>>> print(open('upload.cif').read())   # mmCIF, C-alpha atoms
data_protein
loop_
_atom_site.label_atom_id
_atom_site.label_comp_id
_atom_site.auth_asym_id
_atom_site.auth_seq_id
_atom_site.Cartn_x
_atom_site.Cartn_y
_atom_site.Cartn_z
CA MET A 11 83.34 123.18 86.34
CA ARG A 12 82.88 119.56 85.23
CA LEU A 13 85.62 118.43 87.66
CA HIS A 14 83.95 120.34 90.48
CA LYS A 15 80.68 118.56 89.73
CA CYS A 16 82.47 115.18 89.80
CA ILE A 17 84.00 115.99 93.18
CA LEU A 18 80.63 117.12 94.54
CA ILE A 19 78.90 113.98 93.29
CA GLY A 20 81.67 111.85 94.80
CA VAL A 21 81.32 113.53 98.18
CA VAL A 22 77.54 113.18 98.20
CA LEU A 23 77.66 109.50 97.22
CA SER A 24 80.39 108.80 99.77
CA CYS A 25 78.34 110.38 102.55
CA ALA A 26 75.21 108.52 101.49
CA VAL A 27 76.93 105.15 101.42
CA SER A 28 78.70 105.79 104.73
CA LEU A 29 75.32 106.41 106.37
CA ALA A 30 73.87 103.26 104.88
CA SER A 31 76.89 101.06 105.67
CA PRO A 32 79.60 102.59 107.90
CA GLN A 33 82.02 99.68 107.42
CA LEU A 34 81.97 99.74 103.63
CA SER A 35 85.30 100.57 102.00
CA PHE A 36 84.90 103.36 99.45
CA ALA A 37 88.09 102.52 97.57
CA CYS A 38 87.16 101.45 94.03
CA TRP A 39 83.46 101.62 94.92
CA PHE A 40 82.60 103.78 91.92
CA THR A 41 84.25 101.60 89.32
CA GLY A 42 81.99 98.58 88.79
CA GLU A 43 83.98 95.38 88.19
CA ASN A 44 87.34 97.06 88.74
CA THR A 45 87.67 96.40 92.48
CA TYR A 46 91.45 95.89 92.76
CA GLU A 47 93.10 99.00 94.30
CA CYS A 48 96.10 100.09 92.25
CA CYS A 49 97.52 103.44 93.34
CA MET A 50 95.26 106.15 91.84
CA VAL A 51 93.28 103.71 89.69
CA CYS A 52 91.19 100.56 90.03
CA CYS A 53 91.88 97.41 88.00
CA GLN A 54 90.37 93.96 87.57
CA ASP A 55 93.24 92.12 89.29
CA SER A 56 96.89 92.33 90.36
CA GLU A 57 98.14 91.42 86.88
CA THR A 58 96.43 94.34 85.15
CA CYS A 59 97.55 96.57 88.03
CA GLN A 60 101.18 95.65 87.36
CA ASP A 61 100.66 96.34 83.65
CA TYR A 62 99.36 99.80 84.54
CA LEU A 63 102.27 100.49 86.93
CA SER A 64 104.67 99.37 84.19
CA GLY A 65 103.46 102.17 81.94
CA ASP A 66 100.45 100.79 80.05
CA GLY A 67 97.59 103.26 79.89
CA LEU A 68 94.07 103.01 81.25
CA ARG A 69 92.65 102.01 77.87
CA ALA A 70 95.21 99.22 77.36
CA THR A 71 94.74 97.73 80.82
CA GLY A 72 91.02 98.34 81.24
CA CYS A 73 91.70 100.07 84.56
CA SER A 74 89.76 103.17 85.53
CA PHE A 75 90.43 106.24 87.66
CA ASN A 76 89.63 105.76 91.35
CA PHE A 77 87.24 108.59 92.16
CA TYR A 78 87.72 107.88 95.85
CA CYS A 79 91.08 109.66 95.50
CA LEU A 80 89.19 112.93 95.03
CA TRP A 81 87.57 112.37 98.40
CA ASN A 82 90.60 110.98 100.29
CA PRO A 83 93.90 111.86 98.54
CA VAL A 84 95.92 110.89 101.64
CA TYR A 85 94.65 107.31 101.41
CA CYS A 86 95.59 107.10 97.73
CA SER A 87 99.03 108.61 98.33
CA ARG A 88 99.79 105.90 100.86
CA SER A 89 98.43 103.31 98.44
CA CYS A 90 100.80 104.56 95.71
CA LEU A 91 103.79 104.46 98.04
CA GLU A 92 102.92 100.93 99.05
CA MET A 93 102.68 99.85 95.41
CA GLU A 94 106.03 101.44 94.54
CA VAL A 95 108.08 100.52 97.62
CA CYS A 96 106.92 98.01 100.20
CA PRO A 97 109.67 96.35 102.29
CA PHE A 98 107.14 93.93 103.77
CA GLY A 99 106.30 92.72 100.27
CA LEU A 100 109.93 91.70 99.88
CA ILE A 101 110.23 90.35 103.43
CA LEU A 102 107.16 88.13 103.06
CA ASP A 103 107.88 87.18 99.45
CA ASP A 104 104.63 88.86 98.37
CA ASP A 105 102.53 86.43 100.45
CA GLN A 106 99.22 88.27 100.10
CA SER A 107 97.53 86.53 103.03
CA LYS A 108 100.27 87.72 105.40
CA LEU A 109 100.41 91.16 103.81
CA ASP A 110 96.65 91.46 104.32
CA VAL A 111 97.17 90.82 108.05
CA LEU A 112 99.75 93.61 108.21
CA ARG A 113 97.45 95.94 106.26
CA GLU A 114 94.69 95.19 108.75
CA ILE A 115 97.03 96.10 111.62
CA ARG A 116 97.86 99.33 109.81
CA ASP A 117 94.28 100.26 108.97
CA THR A 118 92.44 99.18 112.13
CA ARG A 119 95.06 99.61 114.84
CA LEU A 120 97.75 102.09 113.75
CA LEU A 121 95.76 104.59 111.69
CA ASN A 122 93.20 104.97 114.47
CA THR A 123 95.63 106.90 116.67
CA PRO A 124 97.88 109.95 116.04
CA LEU A 125 100.89 107.93 117.23
CA GLY A 126 100.12 105.03 114.93
CA GLU A 127 99.52 107.35 111.99
CA SER A 128 102.94 108.95 112.59
CA LEU A 129 104.56 105.50 112.62
CA VAL A 130 102.90 104.61 109.32
CA ASP A 131 104.11 107.86 107.74
CA LEU A 132 107.67 107.17 108.97
CA TYR A 133 107.50 103.67 107.51
CA TYR A 134 106.61 104.90 104.04
CA TYR A 135 109.03 107.83 104.26
CA HIS A 136 112.01 105.52 104.91
CA ALA A 137 110.69 102.52 102.95
CA GLU A 138 113.01 102.87 99.95
CA GLU A 139 116.17 103.11 102.07
CA VAL A 140 115.13 100.23 104.33
CA LEU A 141 114.38 98.12 101.26
CA THR A 142 117.86 98.85 99.85
CA ILE A 143 119.52 97.83 103.13
CA LEU A 144 117.56 94.58 103.32
CA LEU A 145 118.40 93.69 99.71
CA SER A 146 122.10 94.10 100.46
CA ASP A 147 122.12 91.66 103.41
CA GLU A 148 120.48 88.23 103.00
CA ASP A 149 120.98 87.30 106.65
CA LEU A 150 119.30 90.49 107.84
CA LEU A 151 116.46 89.90 105.40
CA ALA A 152 115.97 86.35 106.72
CA ILE A 153 115.96 87.53 110.36
CA THR A 154 113.46 90.26 109.54
CA ALA A 155 111.25 87.73 107.73
CA ASN A 156 111.17 85.46 110.81
CA ILE A 157 110.24 88.38 113.07
CA THR A 158 107.52 89.52 110.67
CA ASP A 159 106.09 85.99 110.50
CA ALA A 160 105.89 85.96 114.30
CA ILE A 161 104.09 89.31 114.35
CA VAL A 162 101.60 88.05 111.75
CA GLU A 163 100.93 84.93 113.84
CA ASN A 164 100.29 87.06 116.93
CA ALA A 165 97.98 89.36 114.99
CA GLN A 166 95.95 86.44 113.65
CA GLU A 167 95.07 85.42 117.21
CA VAL A 168 93.17 88.63 117.95
CA THR A 169 90.18 90.31 116.35
CA GLY A 170 88.99 93.89 116.21
CA SER A 171 90.14 96.04 119.11
CA GLU A 172 91.37 93.15 121.29
CA VAL A 173 94.76 93.64 122.90
CA MET A 174 97.52 92.14 120.80
CA VAL A 175 100.23 90.35 122.82
CA ILE A 176 103.89 90.36 121.78
CA ASP A 177 106.52 88.25 123.50
CA GLY A 178 109.37 90.13 125.18
CA ALA A 179 111.95 88.07 123.29
CA LEU A 180 110.34 89.08 120.00
CA LEU A 181 110.55 92.72 121.04
CA GLU A 182 114.27 92.31 121.74
CA SER A 183 114.72 90.80 118.27
CA ILE A 184 112.99 93.82 116.74
CA VAL A 185 115.44 96.12 118.53
CA GLU A 186 118.36 93.98 117.31
CA VAL A 187 117.17 94.30 113.71
CA ALA A 188 116.86 98.07 114.18
CA ASP A 189 120.48 98.11 115.39
CA LEU A 190 121.64 96.17 112.32
CA VAL A 191 119.74 98.46 109.93
CA ASP A 192 121.21 101.45 111.77
CA GLN A 193 124.73 100.35 110.76
CA GLU A 194 123.97 101.06 107.09
CA ALA A 195 121.40 103.83 107.57
CA SER A 196 121.57 107.47 106.52
CA LEU A 197 121.76 110.13 109.22
CA GLU A 198 118.04 110.82 108.85
CA LEU A 199 117.09 107.16 109.20
CA LYS A 200 119.49 106.81 112.16
CA LYS A 201 117.62 109.60 113.97
CA THR A 202 114.29 107.87 113.34
CA LEU A 203 115.61 104.51 114.54
CA GLN A 204 117.05 106.13 117.67
CA MET A 205 113.69 107.69 118.44
CA LEU A 206 111.89 104.38 117.89
CA ARG A 207 114.33 102.46 120.10
CA ARG A 208 113.77 104.92 122.93
CA ALA A 209 109.99 104.59 122.51
CA ILE A 210 110.22 100.78 122.46
CA LYS A 211 112.24 100.69 125.69
CA LYS A 212 109.76 102.95 127.46
CA LYS A 213 106.91 100.71 126.18
CA VAL A 214 104.39 103.54 126.50
CA MET A 215 103.74 103.47 122.77
CA PHE A 216 102.50 99.88 122.93
CA ARG A 217 99.78 100.68 125.45
CA LYS A 218 98.57 103.50 123.21
CA LEU A 219 98.38 101.09 120.29
CA GLY A 220 96.54 98.35 122.18
CA ILE A 221 99.60 96.05 122.36
CA ALA A 222 100.72 94.22 125.51
CA ILE A 223 104.24 92.88 126.10
CA ASN A 224 104.52 89.41 127.62
CA GLU A 225 107.71 89.61 129.69
#
>>> encode(input="upload.cif", output="structure tokens")
Amino acid sequence: MRLHKCILIGVVLSCAVSLASPQLSFACWFTGENTYECCMVCCQDSETCQDYLSGDGLRATGCSFNFYCLWNPVYCSRSCLEMEVCPFGLILDDDQSKLDVLREIRDTRLLNTPLGESLVDLYYYHAEEVLTILLSDEDLLAITANITDAIVENAQEVTGSEVMVIDGALLESIVEVADLVDQEASLELKKTLQMLRRAIKKKVMFRKLGIAINE
């Protein structure tokens, strides 16, 4: 009964705040000074988050449960997956400014469409295997890092719902990386990469995501 009351209070407060400020992020909103998202909890900063993920408890780290997860468990599940396995964290050497750009692309461009949401789910589903492949090939990791840097630069030139422009040569490089990953991929990942390559060649997916290709 007490848990049900907490959920109800969380829903009511979430609705009230959304009406007052539609652009406010609810993640970690209920937790005072603990504003750093860390899987299912909220911490003061990245250091205490890592302590929590390493096995220290809430009391030892000062972190607190993120009540937003009662309202949006899907969001928190993705957050946990990103904390545990994030290939882009490795690719960009944990450069938070660049990672924030990619998160903005995910949250404002990809997750706003069914197609984009499916792509995000596929990314997290295969993240661990992709990470393993990248760690085993320094050259492939370096190539992927250069491509990701280029994508970040392109994304920084647009705001909001503006069309994001990607150079045709960059798109070809993305396909080449997919081919290299495919050589070491499991059957399941191979099927996903094959599907993505077909979608990239047709270019329909880019229009749906607000991305233009500069041939």
>>> resolve_selection(input="upload.cif", expression="the PyMOL selection byres ((chain A and resi 113) around 12)", output="mmCIF file with C-alpha atoms, in the coordinates of the input")
data_model
loop_
_atom_site.group_PDB
_atom_site.id
_atom_site.type_symbol
_atom_site.label_atom_id
_atom_site.label_comp_id
_atom_site.auth_asym_id
_atom_site.auth_seq_id
_atom_site.Cartn_x
_atom_site.Cartn_y
_atom_site.Cartn_z
ATOM 1 C CA ARG A 88 99.790 105.900 100.860
ATOM 2 C CA SER A 89 98.430 103.310 98.440
ATOM 3 C CA GLU A 92 102.920 100.930 99.050
ATOM 4 C CA CYS A 96 106.920 98.010 100.200
ATOM 5 C CA PHE A 98 107.140 93.930 103.770
ATOM 6 C CA GLY A 99 106.300 92.720 100.270
ATOM 7 C CA GLN A 106 99.220 88.270 100.100
ATOM 8 C CA SER A 107 97.530 86.530 103.030
ATOM 9 C CA LYS A 108 100.270 87.720 105.400
ATOM 10 C CA LEU A 109 100.410 91.160 103.810
ATOM 11 C CA ASP A 110 96.650 91.460 104.320
ATOM 12 C CA VAL A 111 97.170 90.820 108.050
ATOM 13 C CA LEU A 112 99.750 93.610 108.210
ATOM 14 C CA GLU A 114 94.690 95.190 108.750
ATOM 15 C CA ILE A 115 97.030 96.100 111.620
ATOM 16 C CA ARG A 116 97.860 99.330 109.810
ATOM 17 C CA ASP A 117 94.280 100.260 108.970
ATOM 18 C CA THR A 118 92.440 99.180 112.130
ATOM 19 C CA ARG A 119 95.060 99.610 114.840
ATOM 20 C CA LEU A 120 97.750 102.090 113.750
ATOM 21 C CA LEU A 121 95.760 104.590 111.690
ATOM 22 C CA VAL A 130 102.900 104.610 109.320
ATOM 23 C CA VAL A 162 101.600 88.050 111.750
ATOM 24 C CA ALA A 165 97.980 89.360 114.990
#
>>> closest_residue(input="upload.cif", among="A:Leu144, A:Glu182, A:Glu57, A:Asp104", to="A:Ile157", atoms="only C-alpha atoms")
A:Glu182
>>> closest_residue(input="upload.cif", among="A:Ser196, A:Asn224, A:Thr202, A:Thr142", to="A:Pro97", atoms="only C-alpha atoms")
A:Thr142
>>> atom_distance(input="upload.cif", atom1="atom CA of A:Glu43", atom2="atom CA of A:Phe75")
12.6 Å
>>> residues_around(input="upload.cif", residues="A:Ile143", least_positions_apart="4", cutoff="7 Å", atoms="all atoms listed in the file", output="PyMOL selection string")
chain A and resi 139+147+191+194
>>> atom_distance(input="upload.cif", atom1="atom CA of A:Leu141", atom2="atom CA of A:Ser128")
19.4 Å
>>> closest_residue(input="upload.cif", among="A:Ser183, A:Leu199, A:Gln166, A:Met174", to="A:Tyr135", atoms="only C-alpha atoms")
A:Leu199
>>> build_atoms(input="upload.cif", residues="stretch 142-174 of chain A", atoms="N, CA and C atoms", output="mmCIF file, in the frame of the given file")
data_model
loop_
_atom_site.group_PDB
_atom_site.id
_atom_site.type_symbol
_atom_site.label_atom_id
_atom_site.label_comp_id
_atom_site.auth_asym_id
_atom_site.auth_seq_id
_atom_site.Cartn_x
_atom_site.Cartn_y
_atom_site.Cartn_z
ATOM 1 N N THR A 142 116.507 98.959 100.394
ATOM 2 C CA THR A 142 117.860 98.850 99.850
ATOM 3 C C THR A 142 118.787 98.136 100.822
ATOM 4 N N ILE A 143 118.675 98.456 102.102
ATOM 5 C CA ILE A 143 119.520 97.830 103.130
ATOM 6 C C ILE A 143 119.212 96.343 103.237
ATOM 7 N N LEU A 144 117.944 95.989 103.219
ATOM 8 C CA LEU A 144 117.560 94.580 103.320
ATOM 9 C C LEU A 144 118.037 93.780 102.113
ATOM 10 N N LEU A 145 117.962 94.379 100.935
ATOM 11 C CA LEU A 145 118.400 93.690 99.710
ATOM 12 C C LEU A 145 119.903 93.438 99.699
ATOM 13 N N SER A 146 120.633 94.234 100.448
ATOM 14 C CA SER A 146 122.100 94.100 100.460
ATOM 15 C C SER A 146 122.599 93.113 101.513
ATOM 16 N N ASP A 147 121.702 92.557 102.327
ATOM 17 C CA ASP A 147 122.120 91.660 103.410
ATOM 18 C C ASP A 147 121.095 90.525 103.541
ATOM 19 N N GLU A 148 121.418 89.354 102.988
ATOM 20 C CA GLU A 148 120.480 88.230 103.000
ATOM 21 C C GLU A 148 120.181 87.743 104.407
ATOM 22 N N ASP A 149 121.191 87.761 105.283
ATOM 23 C CA ASP A 149 120.980 87.300 106.650
ATOM 24 C C ASP A 149 120.010 88.224 107.390
ATOM 25 N N LEU A 150 120.198 89.523 107.218
ATOM 26 C CA LEU A 150 119.300 90.490 107.840
ATOM 27 C C LEU A 150 117.886 90.347 107.308
ATOM 28 N N LEU A 151 117.773 90.095 106.010
ATOM 29 C CA LEU A 151 116.460 89.900 105.400
ATOM 30 C C LEU A 151 115.767 88.673 105.985
ATOM 31 N N ALA A 152 116.535 87.586 106.174
ATOM 32 C CA ALA A 152 115.970 86.350 106.720
ATOM 33 C C ALA A 152 115.511 86.554 108.172
ATOM 34 N N ILE A 153 116.319 87.259 108.968
ATOM 35 C CA ILE A 153 115.960 87.530 110.360
ATOM 36 C C ILE A 153 114.683 88.369 110.427
ATOM 37 N N THR A 154 114.623 89.389 109.574
ATOM 38 C CA THR A 154 113.460 90.260 109.540
ATOM 39 C C THR A 154 112.211 89.497 109.110
ATOM 40 N N ALA A 155 112.378 88.551 108.186
ATOM 41 C CA ALA A 155 111.250 87.730 107.730
ATOM 42 C C ALA A 155 110.710 86.878 108.876
ATOM 43 N N ASN A 156 111.605 86.290 109.681
ATOM 44 C CA ASN A 156 111.170 85.460 110.810
ATOM 45 C C ASN A 156 110.401 86.293 111.843
ATOM 46 N N ILE A 157 110.902 87.501 112.111
ATOM 47 C CA ILE A 157 110.240 88.380 113.070
ATOM 48 C C ILE A 157 108.861 88.779 112.549
ATOM 49 N N THR A 158 108.787 89.111 111.259
ATOM 50 C CA THR A 158 107.520 89.520 110.670
ATOM 51 C C THR A 158 106.507 88.380 110.684
ATOM 52 N N ASP A 159 106.974 87.162 110.420
ATOM 53 C CA ASP A 159 106.090 85.990 110.500
ATOM 54 C C ASP A 159 105.508 85.839 111.900
ATOM 55 N N ALA A 160 106.348 86.072 112.913
ATOM 56 C CA ALA A 160 105.890 85.960 114.300
ATOM 57 C C ALA A 160 104.843 87.023 114.627
ATOM 58 N N ILE A 161 105.054 88.228 114.125
ATOM 59 C CA ILE A 161 104.090 89.310 114.350
ATOM 60 C C ILE A 161 102.756 88.975 113.683
ATOM 61 N N VAL A 162 102.822 88.431 112.471
ATOM 62 C CA VAL A 162 101.600 88.050 111.750
ATOM 63 C C VAL A 162 100.847 86.972 112.528
ATOM 64 N N GLU A 163 101.566 85.991 113.061
ATOM 65 C CA GLU A 163 100.930 84.930 113.840
ATOM 66 C C GLU A 163 100.234 85.493 115.076
ATOM 67 N N ASN A 164 100.903 86.436 115.753
ATOM 68 C CA ASN A 164 100.290 87.060 116.930
ATOM 69 C C ASN A 164 99.039 87.836 116.554
ATOM 70 N N ALA A 165 99.110 88.537 115.428
ATOM 71 C CA ALA A 165 97.980 89.360 114.990
ATOM 72 C C ALA A 165 96.787 88.504 114.604
ATOM 73 N N GLN A 166 97.034 87.320 114.080
ATOM 74 C CA GLN A 166 95.950 86.440 113.650
ATOM 75 C C GLN A 166 95.164 85.868 114.834
ATOM 76 N N GLU A 167 95.725 85.970 116.036
ATOM 77 C CA GLU A 167 95.070 85.420 117.210
ATOM 78 C C GLU A 167 94.092 86.391 117.854
ATOM 79 N N VAL A 168 94.078 87.641 117.378
ATOM 80 C CA VAL A 168 93.170 88.630 117.950
ATOM 81 C C VAL A 168 92.236 89.161 116.866
ATOM 82 N N THR A 169 91.133 89.716 117.284
ATOM 83 C CA THR A 169 90.180 90.310 116.350
ATOM 84 C C THR A 169 89.773 91.691 116.835
ATOM 85 N N GLY A 170 89.477 92.550 115.882
ATOM 86 C CA GLY A 170 88.990 93.890 116.210
ATOM 87 C C GLY A 170 89.918 94.666 117.104
ATOM 88 N N SER A 171 89.376 95.178 118.207
ATOM 89 C CA SER A 171 90.140 96.040 119.110
ATOM 90 C C SER A 171 90.746 95.272 120.281
ATOM 91 N N GLU A 172 90.751 93.944 120.218
ATOM 92 C CA GLU A 172 91.370 93.150 121.290
ATOM 93 C C GLU A 172 92.847 93.495 121.435
ATOM 94 N N VAL A 173 93.345 93.354 122.642
ATOM 95 C CA VAL A 173 94.760 93.640 122.900
ATOM 96 C C VAL A 173 95.626 92.579 122.223
ATOM 97 N N MET A 174 96.587 93.039 121.470
ATOM 98 C CA MET A 174 97.520 92.140 120.800
ATOM 99 C C MET A 174 98.732 91.931 121.702
#
